[in-house]
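Taking it in order: structure first as structure tokens, then the write-up.
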Amino acid sequence: MPPYNESTMRPLLVMPPPPHAPEGTAWEWVRSDAPQSTQQSAGVPTATGNGDTVLIVPGAALSWHRVSLPQGLLGRNGQARNPTKLRAALEGLLEDQLLDEPAQLHLALQASAIGTGALWVAACQRAWLQDTLEVLTRAGHTVHRIVPEWTPSSSADTQPKLWLTGDAEAAEMVWANSEGVHRRTLRHGNTGTGAAPTGWPVSAAVWAEPACAALAEQLLHREATVQHRAQRLQDSTDTDWNLAQGEFASRNAVLRRAGDAALTLLQAPAWRPARWAFAFLCTVQVVGLNAQAWQARQALSSQRDAIQNVLLSTFPNTTVVVDAPLQMQRAVDALGQSSGQAQARDLERMLEAFGMLSLTSNAPSAIEFVAGELRLSGMNTDPDATQGLRDGLQARGYRTRLDGNTLVISP
């Protein structure tokens, strides 16, 4: 799944308490209508209007591990060819690195992974993640993505970053580099010594929440870039990582991506001119189609009136017009019969047309005439001659069909 574009859509960001957190640990969330402030509550926050939620897994809930997968488990796009085999391979590779049983953990592979080289794997408690998702679902949330609060660097050349979060009384130092994500808790009593914990990257870029800015300068002896917690949580979603893999993967991932693209087109300010242009084109098309339909109805009505006028002017005795062409044909036939003239549906006219077109060798052995339908049996079965005869009769206004070796002619 591609990175989520927060510039076009701001969902609700929710970070639950980690597993085994002390009772009363608050949920944290950032709303789209207040993107610069972090809110907290003892329970899960209510869903926003659009229902889209990004779940941020706290750093304390994750462990990071490096593995080298056997070839053939991943496709070119980094997706598992067989999720069951991939899960079994990960459990076997991580068995000695995990503190818990692999079956009790949810394992997520590095995004855009390739089949060779060392890859990062994030691990968290499966039951905790399942319970968290169920609580959010019951509260009306639709979890769009699951992202980690911190992620390790994928390359040793990437400059490490260090954050101080929390407050001065109970701060946490976190740094991420190509060796993983490292966390150190600084409790009250060991924050005033002026000595930073060992192992932290001296060349790292330092970031600190407002309450920890002075502490960062005191411990690290350098100026820190102040970043509010809400902004840091938003930055954590700007990643390729999505922990919704395996059993937690969306079953409708294609529909989800299509829905995201549709919402982007409907809501993104950058697409507003395109939306106006599309609406204008639709309006023009609807108006044009209605105008064309009105013109077609007017032309059809004029033609119908013209045919009715011809019928009434030619046969003034007609009192009711139902089907003008059919009534006119019947009137012409009746007029011909009253004057003694043969009509197209009479036997004489049909035999005359047949005799003009038929060859001597194509003479029928039996003739039957019933209700304006002429049946000629025992016809020559030569396909070319028969087809030429039928074409000639059809050119004179007669319909023909073959019933075995019987030629059926009707007007």
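Residue numbers start at 1 in each chain; chains themselves are named A, B, ... in the order of the structure tokens; ligands are numbered from 1 in the order shown.
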
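Using only C-alpha atoms, the contacts of Leu133 of chain A at a cut-off of 9 Å, with sequence neighbours closer than 5 positions omitted, comprise Leu55, Trp128, Arg138, His141 and Val143 of chain A.
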
From segment 99-292 of chain A, collect each residue whose DSSP state is strand (DSSP E or B) and return the set as JSON, numbers by chain. {"A": [105, 106, 107, 108, 109, 118, 119, 120, 121, 122, 123, 124, 125, 142, 143, 144, 145, 146, 147, 148, 161, 162, 163, 164, 165, 166, 170, 171, 172, 173, 174, 175, 176, 177, 180, 181, 182, 183, 184, 185, 186, 187, 205, 206, 207, 208, 225, 226]}

I need the residues from that last selection saved to file as a short mmCIF file (atom, residue, chain, number, x, y, z; two decimals), in the first residue's frame (with C-alpha atoms), if you can.
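File produced: again_3.cif:
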data_model
loop_
_atom_site.label_atom_id
_atom_site.label_comp_id
_atom_site.auth_asym_id
_atom_site.auth_seq_id
_atom_site.Cartn_x
_atom_site.Cartn_y
_atom_site.Cartn_z
CA LEU A 105 3.06 -12.42 18.13
CA HIS A 106 2.02 -10.51 15.07
CA LEU A 107 4.91 -10.16 12.62
CA ALA A 108 5.03 -7.47 9.94
CA LEU A 109 7.65 -7.34 7.23
CA ALA A 118 18.51 -8.22 5.55
CA LEU A 119 14.96 -7.01 6.17
CA TRP A 120 13.34 -5.42 9.19
CA VAL A 121 10.52 -7.26 10.94
CA ALA A 122 8.27 -5.60 13.53
CA ALA A 123 6.77 -7.79 16.26
CA CYS A 124 3.96 -7.05 18.72
CA GLN A 125 1.49 -9.03 20.79
CA THR A 142 -12.61 2.20 10.35
CA VAL A 143 -8.89 1.56 10.71
CA HIS A 144 -7.23 2.71 7.52
CA ARG A 145 -3.64 1.82 8.37
CA ILE A 146 -1.55 0.53 11.27
CA VAL A 147 1.77 2.34 11.56
CA PRO A 148 4.57 2.20 14.16
CA LYS A 161 17.54 11.03 14.82
CA LEU A 162 16.99 11.38 18.54
CA TRP A 163 13.85 12.52 20.33
CA LEU A 164 13.09 13.47 23.91
CA THR A 165 9.40 13.00 24.64
CA GLY A 166 7.13 13.26 27.65
CA ALA A 170 9.53 11.38 33.29
CA ALA A 171 11.13 11.86 29.91
CA GLU A 172 11.95 9.22 27.35
CA MET A 173 14.90 9.31 25.00
CA VAL A 174 14.37 7.54 21.69
CA TRP A 175 16.72 7.26 18.76
CA ALA A 176 16.38 5.34 15.52
CA ASN A 177 19.20 4.25 13.25
CA GLY A 180 16.95 -0.44 15.25
CA VAL A 181 14.84 1.69 17.58
CA HIS A 182 16.33 2.39 21.02
CA ARG A 183 14.47 3.73 24.05
CA ARG A 184 15.77 4.99 27.41
CA THR A 185 13.51 6.18 30.21
CA LEU A 186 14.77 9.16 32.22
CA ARG A 187 13.02 9.23 35.58
CA ALA A 205 19.81 15.31 14.97
CA VAL A 206 18.06 16.16 18.25
CA TRP A 207 14.33 16.81 18.50
CA ALA A 208 12.42 17.46 21.70
CA THR A 225 14.62 21.37 17.58
CA VAL A 226 11.27 21.76 19.35
#

As an NGL selection string, please: the residues near segment 388-399 of chain A (cut-off 8 Å, only C-alpha atoms, same-chain neighbours under 4 positions excluded). :A and (353-354 or 357-358 or 384 or 409-411)

Using N, CA and C atoms, can you export the residues from the last selection as a CSV table (one decimal), in the first residue's frame?
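Written file, part.csv:
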chain,number,residue,atom,x,y,z
A,353,ALA,N,-44.7,-13.7,-60.2
A,353,ALA,CA,-43.3,-13.4,-59.8
A,353,ALA,C,-42.4,-14.6,-59.8
A,354,PHE,N,-42.9,-15.7,-59.3
A,354,PHE,CA,-42.1,-16.9,-59.3
A,354,PHE,C,-41.8,-17.4,-60.7
A,357,LEU,N,-38.9,-15.6,-62.4
A,357,LEU,CA,-37.5,-15.8,-61.8
A,357,LEU,C,-37.1,-17.2,-61.8
A,358,SER,N,-38.0,-18.2,-61.8
A,358,SER,CA,-37.6,-19.6,-61.7
A,358,SER,C,-37.2,-20.2,-63.0
A,384,ASP,N,-27.4,-22.5,-55.1
A,384,ASP,CA,-27.2,-21.3,-55.8
A,384,ASP,C,-28.4,-20.8,-56.5
A,409,ILE,N,-43.5,-18.6,-49.6
A,409,ILE,CA,-43.5,-17.2,-50.1
A,409,ILE,C,-44.7,-16.5,-49.5
A,410,SER,N,-44.4,-15.3,-48.9
A,410,SER,CA,-45.5,-14.5,-48.4
A,410,SER,C,-45.2,-13.0,-48.6
A,411,PRO,N,-46.3,-12.2,-48.7
A,411,PRO,CA,-46.0,-10.8,-49.0
A,411,PRO,C,-45.5,-10.0,-47.8

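For the choices A:Ser301, A:Gln130, A:Gln231, A:Thr400, the atom-to-atom distance to Ser37 of chain A is smallest for A:Gln231 when using only C-alpha atoms.
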
What is the distance, in Å and to one decimal place, between atom CA of Trp200 of chain A and atom CA of Thr237 of chain A? 24.4 Å

Option closest in space to Ala244 of chain A, from A:Thr84, A:Gln110, A:Ser178, A:Gln71 [counting only C-alpha atoms]: A:Gln110

Residues flagged alpha helix (DSSP H) by DSSP in segment 32-233 of chain A, as a PyMOL selection string: chain A and resi 83-94+126-138+213-220+229-233

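Each of A:Ala371, A:Phe315, A:Met350, A:Arg222 was compared to Leu335 of chain A using only C-alpha atoms, and A:Phe315 turns out to be the nearest.
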
Would you tabulate, counting only C-alpha atoms, all residues of segment 194-254 of chain A that have an atom at most 10 Å from an atom of segment 20-30 of chain A, showing the closest pair of atoms and their distance in Å to one decimal, sorted by chain then ascending number, as CSV?
residue,atom,partner,partner_atom,distance
A:Arg229,CA,A:Val30,CA,9.5
A:Ala230,CA,A:Val30,CA,6.3
A:Gln231,CA,A:Val30,CA,9.0
A:Leu233,CA,A:Val30,CA,7.9
A:Gln234,CA,A:Val30,CA,8.1

Which residue, A:Trp150, A:Val202, A:Pro102, A:Ala168, has the smallest gap to His221 of chain A when you use only C-alpha atoms? A:Val202

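The closest residue to Val135 of chain A, picked from A:Val332, A:Gly43, A:Trp64, A:Asn290 and counting only C-alpha atoms, is A:Gly43.
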